[in-house]
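Peer 1: Here you go, this is start32.tsv (TSV, C-alpha atoms and all ligand atoms).
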```tsv
chain	number	residue	atom	x	y	z
A	1	MET	CA	64.88	-55.08	8.88
A	2	ALA	CA	64.22	-55.30	12.65
A	3	GLY	CA	67.28	-53.04	13.07
A	4	ILE	CA	65.46	-50.34	11.08
A	5	LEU	CA	62.06	-50.84	12.71
A	6	GLN	CA	63.46	-50.64	16.26
A	7	SER	CA	64.39	-47.01	15.60
A	8	LEU	CA	61.65	-44.45	14.79
A	9	ASN	CA	64.15	-42.18	13.00
A	10	LYS	CA	65.36	-45.02	10.76
A	11	THR	CA	61.75	-46.09	10.11
A	12	ILE	CA	60.85	-42.57	8.95
A	13	ILE	CA	64.00	-42.39	6.77
A	14	ALA	CA	63.01	-45.77	5.24
A	15	GLY	CA	59.51	-44.40	4.53
A	16	ILE	CA	60.98	-41.33	2.81
A	17	ALA	CA	63.36	-43.54	0.79
A	18	LEU	CA	60.41	-45.70	-0.37
A	19	THR	CA	58.52	-42.51	-1.33
A	20	ILE	CA	61.49	-41.29	-3.42
A	21	LEU	CA	61.68	-44.73	-5.04
A	22	LEU	CA	57.98	-44.49	-5.92
A	23	LEU	CA	58.54	-41.03	-7.42
A	24	ILE	CA	61.42	-42.39	-9.55
A	25	ILE	CA	59.21	-45.28	-10.77
A	26	MET	CA	56.40	-42.81	-11.57
A	27	SER	CA	58.88	-40.56	-13.33
A	28	TYR	CA	60.16	-43.41	-15.59
A	29	SER	CA	56.78	-45.01	-16.26
A	30	TYR	CA	54.74	-41.94	-17.18
A	31	GLY	CA	57.28	-39.19	-17.61
A	32	LEU	CA	56.70	-37.14	-14.47
A	33	SER	CA	58.00	-33.62	-15.05
A	34	TYR	CA	59.00	-31.30	-12.22
A	35	ASP	CA	56.56	-28.57	-13.20
A	36	HIS	CA	53.87	-26.59	-11.38
A	37	THR	CA	51.54	-29.62	-11.13
A	38	PHE	CA	54.31	-31.70	-9.57
A	39	TRP	CA	54.97	-29.14	-6.81
A	40	ALA	CA	51.23	-28.64	-6.25
A	41	THR	CA	50.93	-32.43	-5.80
A	42	ILE	CA	53.86	-32.48	-3.34
A	43	SER	CA	52.26	-29.61	-1.41
A	44	ARG	CA	48.92	-31.45	-1.27
A	45	TYR	CA	50.75	-34.64	-0.17
A	46	LEU	CA	52.59	-32.84	2.67
A	47	HIS	CA	49.26	-31.21	3.61
A	48	VAL	CA	47.49	-34.57	3.94
A	49	LEU	CA	50.49	-36.08	5.83
A	50	SER	CA	50.51	-33.28	8.42
A	51	GLY	CA	46.68	-33.27	8.57
A	52	ILE	CA	46.69	-36.99	9.42
A	53	MET	CA	49.18	-36.35	12.24
A	54	TRP	CA	47.08	-33.47	13.60
A	55	ILE	CA	43.61	-34.99	13.40
A	56	GLY	CA	44.99	-38.43	14.38
A	57	LEU	CA	46.29	-36.96	17.64
A	58	LEU	CA	43.08	-34.92	18.16
A	59	TRP	CA	41.08	-38.13	17.88
A	60	TYR	CA	43.60	-39.97	20.13
A	61	PHE	CA	42.92	-37.37	22.86
A	62	ASN	CA	39.15	-37.57	22.41
A	63	PHE	CA	38.63	-41.26	21.67
A	64	VAL	CA	41.37	-42.77	23.89
A	65	GLN	CA	43.04	-40.52	26.46
A	66	ILE	CA	40.23	-38.34	27.87
A	67	PRO	CA	37.60	-41.13	28.22
A	68	ASN	CA	40.11	-43.48	29.89
A	69	MET	CA	41.60	-41.04	32.42
A	70	PRO	CA	38.96	-41.92	35.08
A	71	ASN	CA	39.94	-45.62	34.73
A	72	ILE	CA	43.60	-44.95	35.58
A	73	PRO	CA	44.56	-45.22	39.29
A	74	ASP	CA	45.61	-41.83	40.75
A	75	GLU	CA	49.20	-42.89	41.41
A	76	GLN	CA	49.61	-43.81	37.70
A	77	LYS	CA	48.02	-40.62	36.31
A	78	PRO	CA	51.37	-38.69	36.26
A	79	ALA	CA	52.58	-41.09	33.54
A	80	ILE	CA	49.93	-39.58	31.26
A	81	GLY	CA	50.09	-35.99	32.56
A	82	LYS	CA	53.87	-35.70	32.73
A	83	VAL	CA	55.04	-37.95	29.87
A	84	ILE	CA	52.44	-39.01	27.29
A	85	ALA	CA	50.30	-35.84	27.08
A	86	PRO	CA	53.23	-33.36	26.70
A	87	ALA	CA	54.78	-35.51	23.95
A	88	ALA	CA	51.41	-35.88	22.16
A	89	LEU	CA	50.76	-32.13	22.51
A	90	PHE	CA	54.14	-31.33	20.96
A	91	TRP	CA	53.34	-33.22	17.73
A	92	PHE	CA	49.68	-32.08	17.92
A	93	ARG	CA	50.33	-28.32	17.88
A	94	TRP	CA	53.22	-28.36	15.38
A	95	SER	CA	51.35	-30.65	12.97
A	96	ALA	CA	48.37	-28.24	13.23
A	97	LEU	CA	50.66	-25.39	12.15
A	98	ALA	CA	52.22	-27.51	9.38
A	99	THR	CA	48.73	-28.42	8.10
A	100	LEU	CA	47.74	-24.75	8.03
A	101	ILE	CA	50.91	-23.70	6.15
A	102	THR	CA	50.79	-26.56	3.63
A	103	GLY	CA	47.02	-25.99	3.20
A	104	LEU	CA	47.60	-22.34	2.31
A	105	THR	CA	50.48	-23.34	-0.01
A	106	THR	CA	48.21	-25.90	-1.70
A	107	LEU	CA	45.54	-23.22	-2.06
A	108	ALA	CA	47.99	-20.81	-3.71
A	109	LEU	CA	49.38	-23.48	-6.07
A	110	TYR	CA	46.02	-24.87	-7.21
A	111	TYR	CA	43.86	-21.76	-7.18
A	112	GLY	CA	46.30	-18.94	-8.02
A	113	HIS	CA	46.36	-15.49	-6.43
A	114	GLN	CA	42.84	-14.33	-7.41
A	115	GLY	CA	41.29	-17.77	-6.85
A	116	ALA	CA	42.86	-18.01	-3.39
A	117	ILE	CA	41.42	-14.64	-2.35
A	118	ASN	CA	38.00	-15.52	-3.79
A	119	THR	CA	38.10	-18.85	-1.89
A	120	LEU	CA	39.13	-17.24	1.40
A	121	LEU	CA	36.23	-14.78	0.93
A	122	LEU	CA	33.90	-17.78	0.35
A	123	THR	CA	33.31	-16.66	-3.29
A	124	ILE	CA	31.06	-13.81	-2.04
A	125	PRO	CA	32.77	-11.15	-4.27
A	126	SER	CA	32.23	-13.27	-7.39
A	127	GLY	CA	28.57	-14.08	-6.59
A	128	PHE	CA	29.12	-17.67	-5.42
A	129	ASP	CA	30.34	-18.62	-8.91
A	130	SER	CA	32.28	-21.79	-7.98
A	131	PRO	CA	31.02	-24.72	-5.86
A	132	ARG	CA	34.63	-25.99	-5.62
A	133	ASN	CA	36.00	-22.72	-4.25
A	134	LEU	CA	33.04	-22.31	-1.90
A	135	THR	CA	33.37	-25.86	-0.55
A	136	ILE	CA	37.11	-25.68	0.08
A	137	GLY	CA	36.62	-22.17	1.50
A	138	ILE	CA	34.17	-23.51	4.08
A	139	GLY	CA	36.52	-26.44	4.89
A	140	MET	CA	39.45	-24.05	5.22
A	141	TRP	CA	37.64	-21.69	7.58
A	142	LEU	CA	36.55	-24.62	9.77
A	143	ALA	CA	40.19	-25.84	9.87
A	144	ILE	CA	41.55	-22.31	10.48
A	145	ILE	CA	39.19	-21.97	13.49
A	146	MET	CA	40.45	-25.37	14.68
A	147	ALA	CA	44.11	-24.32	14.31
A	148	TYR	CA	43.33	-21.10	16.21
A	149	ASN	CA	41.74	-23.18	19.00
A	150	VAL	CA	44.86	-25.38	19.20
A	151	TRP	CA	47.36	-22.54	19.52
A	152	MET	CA	45.32	-19.88	21.31
A	153	VAL	CA	43.09	-21.92	23.62
A	154	ILE	CA	44.01	-25.61	23.99
A	155	TRP	CA	47.80	-25.25	24.31
A	156	PRO	CA	47.82	-22.31	26.81
A	157	ASN	CA	45.20	-24.09	28.93
A	158	GLN	CA	47.02	-27.44	28.72
A	159	LYS	CA	50.24	-25.77	29.87
A	160	ARG	CA	48.46	-24.72	33.07
A	161	ALA	CA	46.55	-28.01	33.45
A	162	LEU	CA	49.69	-30.16	33.08
A	163	GLY	CA	51.82	-27.95	35.34
A	164	ILE	CA	54.15	-26.84	32.51
A	165	VAL	CA	53.46	-23.31	33.80
A	166	GLU	CA	52.65	-22.49	37.43
A	167	ALA	CA	48.96	-22.38	38.44
A	168	ASP	CA	46.92	-23.04	41.59
A	169	ALA	CA	44.69	-26.13	41.85
A	170	GLU	CA	41.49	-24.26	40.98
A	171	THR	CA	43.03	-22.64	37.86
A	172	LYS	CA	44.45	-26.02	36.81
A	173	ALA	CA	41.02	-27.67	37.02
A	174	LYS	CA	39.36	-24.80	35.12
A	175	SER	CA	42.06	-24.87	32.43
A	176	ALA	CA	41.75	-28.65	32.00
A	177	ARG	CA	38.00	-28.28	31.45
A	178	THR	CA	38.41	-25.42	28.94
A	179	ALA	CA	41.06	-27.42	27.02
A	180	MET	CA	38.77	-30.46	26.96
A	181	LEU	CA	35.73	-28.48	25.72
A	182	PHE	CA	37.72	-26.85	22.89
A	183	SER	CA	39.28	-30.19	21.99
A	184	ARG	CA	35.71	-31.57	21.74
A	185	THR	CA	34.71	-28.57	19.62
A	186	ASN	CA	37.59	-29.38	17.23
A	187	THR	CA	36.54	-33.03	17.08
A	188	MET	CA	33.02	-31.93	16.12
A	189	LEU	CA	34.33	-29.48	13.46
A	190	SER	CA	36.77	-32.04	12.03
A	191	ILE	CA	33.87	-34.15	10.71
A	192	PRO	CA	32.32	-31.56	8.31
A	193	MET	CA	35.77	-30.01	7.66
A	194	LEU	CA	37.07	-33.28	6.18
A	195	LEU	CA	34.02	-33.64	3.94
A	196	ALA	CA	34.71	-30.20	2.48
A	197	MET	CA	38.45	-31.03	2.04
A	198	VAL	CA	37.89	-34.26	0.12
A	199	ALA	CA	34.78	-33.16	-1.84
A	200	ALA	CA	36.24	-29.91	-3.25
A	201	GLN	CA	38.42	-31.35	-6.01
A	202	ASN	CA	35.47	-33.28	-7.53
A	203	LEU	CA	33.46	-30.06	-7.98
A	204	ALA	CA	33.59	-27.55	-10.82
A	301	LIG	C1	44.32	-25.61	8.40
A	301	LIG	C2	43.75	-25.09	7.34
A	301	LIG	C3	43.61	-25.86	6.04
A	301	LIG	C4	43.70	-25.29	4.82
A	301	LIG	C5	44.01	-23.83	4.53
A	301	LIG	C6	43.48	-26.34	3.84
A	301	LIG	C7	43.50	-26.18	2.46
A	301	LIG	C8	43.31	-27.19	1.53
A	301	LIG	C9	43.29	-27.01	0.09
A	301	LIG	C10	43.48	-25.68	-0.63
A	301	LIG	C11	43.07	-28.21	-0.48
A	301	LIG	C12	42.97	-28.51	-1.99
A	301	LIG	C13	41.51	-28.51	-2.40
A	301	LIG	C14	41.27	-28.87	-3.85
A	301	LIG	O1	41.83	-29.83	-4.34
A	301	LIG	O2	40.48	-28.19	-4.51
A	301	LIG	C15	42.96	-29.18	0.59
A	301	LIG	C16	42.73	-30.52	0.39
A	301	LIG	C17	42.70	-31.45	1.40
A	301	LIG	N1	42.88	-31.21	2.75
A	301	LIG	FE1	43.05	-29.38	3.62
A	301	LIG	N2	43.26	-27.53	4.50
A	301	LIG	C18	43.34	-27.28	5.86
A	301	LIG	C19	43.20	-28.24	6.86
A	301	LIG	C20	43.09	-29.60	6.65
A	301	LIG	C21	43.04	-30.57	7.70
A	301	LIG	C22	43.06	-30.31	9.20
A	301	LIG	C23	42.95	-31.79	7.13
A	301	LIG	C24	42.88	-33.09	7.87
A	301	LIG	C25	43.40	-34.22	7.49
A	301	LIG	C26	42.95	-31.60	5.69
A	301	LIG	C27	42.86	-32.60	4.75
A	301	LIG	C28	42.77	-32.41	3.40
A	301	LIG	C29	42.52	-33.47	2.44
A	301	LIG	C30	42.36	-34.97	2.77
A	301	LIG	C31	42.48	-32.86	1.19
A	301	LIG	C32	42.17	-33.52	-0.14
A	301	LIG	C33	43.39	-34.09	-0.77
A	301	LIG	C34	43.01	-34.79	-2.05
A	301	LIG	O3	41.85	-35.13	-2.25
A	301	LIG	O4	43.91	-35.01	-2.85
A	301	LIG	N3	43.03	-30.26	5.46
A	301	LIG	N4	43.11	-28.53	1.79
```
Hey, can you dump this file as structure tokens for me?
Peer 2:
Amino acid sequence: MAGILQSLNKTIIAGIALTILLLIIMSYSYGLSYDHTFWATISRYLHVLSGIMWIGLLWYFNFVQIPNMPNIPDEQKPAIGKVIAPAALFWFRWSALATLITGLTTLALYYGHQGAINTLLLTIPSGFDSPRNLTIGIGMWLAIIMAYNVWMVIWPNQKRALGIVEADAETKAKSARTAMLFSRTNTMLSIPMLLAMVAAQNLA
């Protein structure tokens, strides 16, 4: 067992194997069929998995890394700036994209073509006829703004701040502050966004 747990790759493979085992048990015990509902469930599952990775890392930056940077001696700061932050940002931005894609797939599978459009338009064309569509529509737009911030604001500014692309000292400092403020904005938006995500399916 320790042999598996010492390797992240093997740990992830073991997690996937346990998930497949669970699916087989579910399939035998209550006759799971590989229909539309099954694939919608898998899409929702992948959506929540990637969402956890994204928002988990967002909260790591805001709750752990940023507040503790001033407590780290200057000569040790490169360990964060050159090693930890780039690795965290890699998983952060790609999990944001994966969450967006799986979210839109989940929308299409659960709501259908017309329902998806109505939801994206916040049910305005249909006269606000569905609290469920309106709620998930609001959650989706909050999360889409957050994903935009990640790819269009936070990542380009972090590249300058961390020295991944060339910039002078003043630009670096300005970029670090912009990245931090947008990261804070996303942390603020993540709180109502998650309420909308989890509340939607209990509404009509
Ligand atoms: C990026 C844009 C996003 C889109 C387009 C999107 C879309 C959706 C859709 C369509 C649903 C199904 C709603 C229903 O059952 O009626 C959903 C559920 C959900 N989403 Fe998102 N979402 C996004 C971002 C996020 C993020 C960032 C998170 C963070 C973890 C998240 C977490 C969840 C959760 C927990 C559920 C409920 C799952 C359940 O109750 O089974 N979503 N999302």
Peer 1: If I take atom CA of A:Trp155 and atom CA of A:Asp168, how far is one from the other in Å, to one decimal?
Peer 2: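 According to the coordinates, atom CA of A:Trp155 and atom CA of A:Asp168 are separated by 17.4 Å.
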Peer 1: Please extract the residues at most 9 Å from ligand LIG 301 (chain A), counting all atoms listed in the file, and provide them as a tab-separated table (two decimals) with C-alpha atoms, keeping the file's coordinate frame, using the chain letters and residue numbers of this document.
Peer 2:
```tsv
chain	number	residue	atom	x	y	z
A	41	THR	CA	50.93	-32.43	-5.80
A	44	ARG	CA	48.92	-31.45	-1.27
A	45	TYR	CA	50.75	-34.64	-0.17
A	47	HIS	CA	49.26	-31.21	3.61
A	48	VAL	CA	47.49	-34.57	3.94
A	49	LEU	CA	50.49	-36.08	5.83
A	50	SER	CA	50.51	-33.28	8.42
A	51	GLY	CA	46.68	-33.27	8.57
A	52	ILE	CA	46.69	-36.99	9.42
A	53	MET	CA	49.18	-36.35	12.24
A	54	TRP	CA	47.08	-33.47	13.60
A	55	ILE	CA	43.61	-34.99	13.40
A	56	GLY	CA	44.99	-38.43	14.38
A	96	ALA	CA	48.37	-28.24	13.23
A	97	LEU	CA	50.66	-25.39	12.15
A	98	ALA	CA	52.22	-27.51	9.38
A	99	THR	CA	48.73	-28.42	8.10
A	100	LEU	CA	47.74	-24.75	8.03
A	101	ILE	CA	50.91	-23.70	6.15
A	102	THR	CA	50.79	-26.56	3.63
A	103	GLY	CA	47.02	-25.99	3.20
A	104	LEU	CA	47.60	-22.34	2.31
A	105	THR	CA	50.48	-23.34	-0.01
A	106	THR	CA	48.21	-25.90	-1.70
A	107	LEU	CA	45.54	-23.22	-2.06
A	108	ALA	CA	47.99	-20.81	-3.71
A	109	LEU	CA	49.38	-23.48	-6.07
A	110	TYR	CA	46.02	-24.87	-7.21
A	111	TYR	CA	43.86	-21.76	-7.18
A	116	ALA	CA	42.86	-18.01	-3.39
A	119	THR	CA	38.10	-18.85	-1.89
A	120	LEU	CA	39.13	-17.24	1.40
A	132	ARG	CA	34.63	-25.99	-5.62
A	133	ASN	CA	36.00	-22.72	-4.25
A	135	THR	CA	33.37	-25.86	-0.55
A	136	ILE	CA	37.11	-25.68	0.08
A	137	GLY	CA	36.62	-22.17	1.50
A	139	GLY	CA	36.52	-26.44	4.89
A	140	MET	CA	39.45	-24.05	5.22
A	141	TRP	CA	37.64	-21.69	7.58
A	142	LEU	CA	36.55	-24.62	9.77
A	143	ALA	CA	40.19	-25.84	9.87
A	144	ILE	CA	41.55	-22.31	10.48
A	145	ILE	CA	39.19	-21.97	13.49
A	146	MET	CA	40.45	-25.37	14.68
A	147	ALA	CA	44.11	-24.32	14.31
A	190	SER	CA	36.77	-32.04	12.03
A	193	MET	CA	35.77	-30.01	7.66
A	194	LEU	CA	37.07	-33.28	6.18
A	195	LEU	CA	34.02	-33.64	3.94
A	196	ALA	CA	34.71	-30.20	2.48
A	197	MET	CA	38.45	-31.03	2.04
A	198	VAL	CA	37.89	-34.26	0.12
A	199	ALA	CA	34.78	-33.16	-1.84
A	200	ALA	CA	36.24	-29.91	-3.25
A	201	GLN	CA	38.42	-31.35	-6.01
A	202	ASN	CA	35.47	-33.28	-7.53
A	203	LEU	CA	33.46	-30.06	-7.98
```
Peer 1: Give me the residues within 10 Å of A:Ala85 as an MDAnalysis selection string, counting all atoms listed in the file and dropping any in the same chain fewer than 4 places off.
Peer 2: chainID A and resid 61 65 78:81 89:90 92 158 162
Peer 1: Go through A:Leu23, A:Leu58, A:Met69, A:Ile13 one by one, measure the shortest atom-to-atom distance of each to A:Ile191 using all atoms listed in the file, and give the residue with the smallest value.
Peer 2: A:Leu58
Peer 1: What does the structure give for the distance between atom CA of A:Ile4 and atom CA of A:Leu22, in Å to one decimal?
Peer 2: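 Value for the atom CA of A:Ile4-atom CA of A:Leu22 distance: 19.5 Å.
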Peer 1: What separation in Å, quoted to one decimal, exists between atom CA of A:Leu5 and atom CA of A:Leu21?
Peer 2: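 Rounded to one decimal, the two atoms are 18.8 Å apart.
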Peer 1: Do a neighbour search on A:Ile154 at 8 Å with all atoms listed in the file, toss out local chain neighbours closer than 4 positions, and write the hits as a compact mmCIF listing (two decimals) with C-alpha atoms, in the frame of the given file.
Peer 2:
```txt
# COMPACT_ATOMS: atom_id res chain seq x y z
CA ASN A 149 41.74 -23.18 19.00
CA VAL A 150 44.86 -25.38 19.20
CA GLN A 158 47.02 -27.44 28.72
CA THR A 178 38.41 -25.42 28.94
CA ALA A 179 41.06 -27.42 27.02
CA MET A 180 38.77 -30.46 26.96
CA PHE A 182 37.72 -26.85 22.89
CA SER A 183 39.28 -30.19 21.99
```
Peer 1: Could you work out an axis-aligned box for stretch 24-43 of chain A, taking every atom the file lists and adding 4 Å on each side, and report centre and edge lengths in Å to one decimal, as lines of an AutoDock Vina configuration file?
Peer 2:
```
center_x = 56.2
center_y = -35.9
center_z = -9.5
size_x = 18.5
size_y = 26.7
size_z = 24.2
```
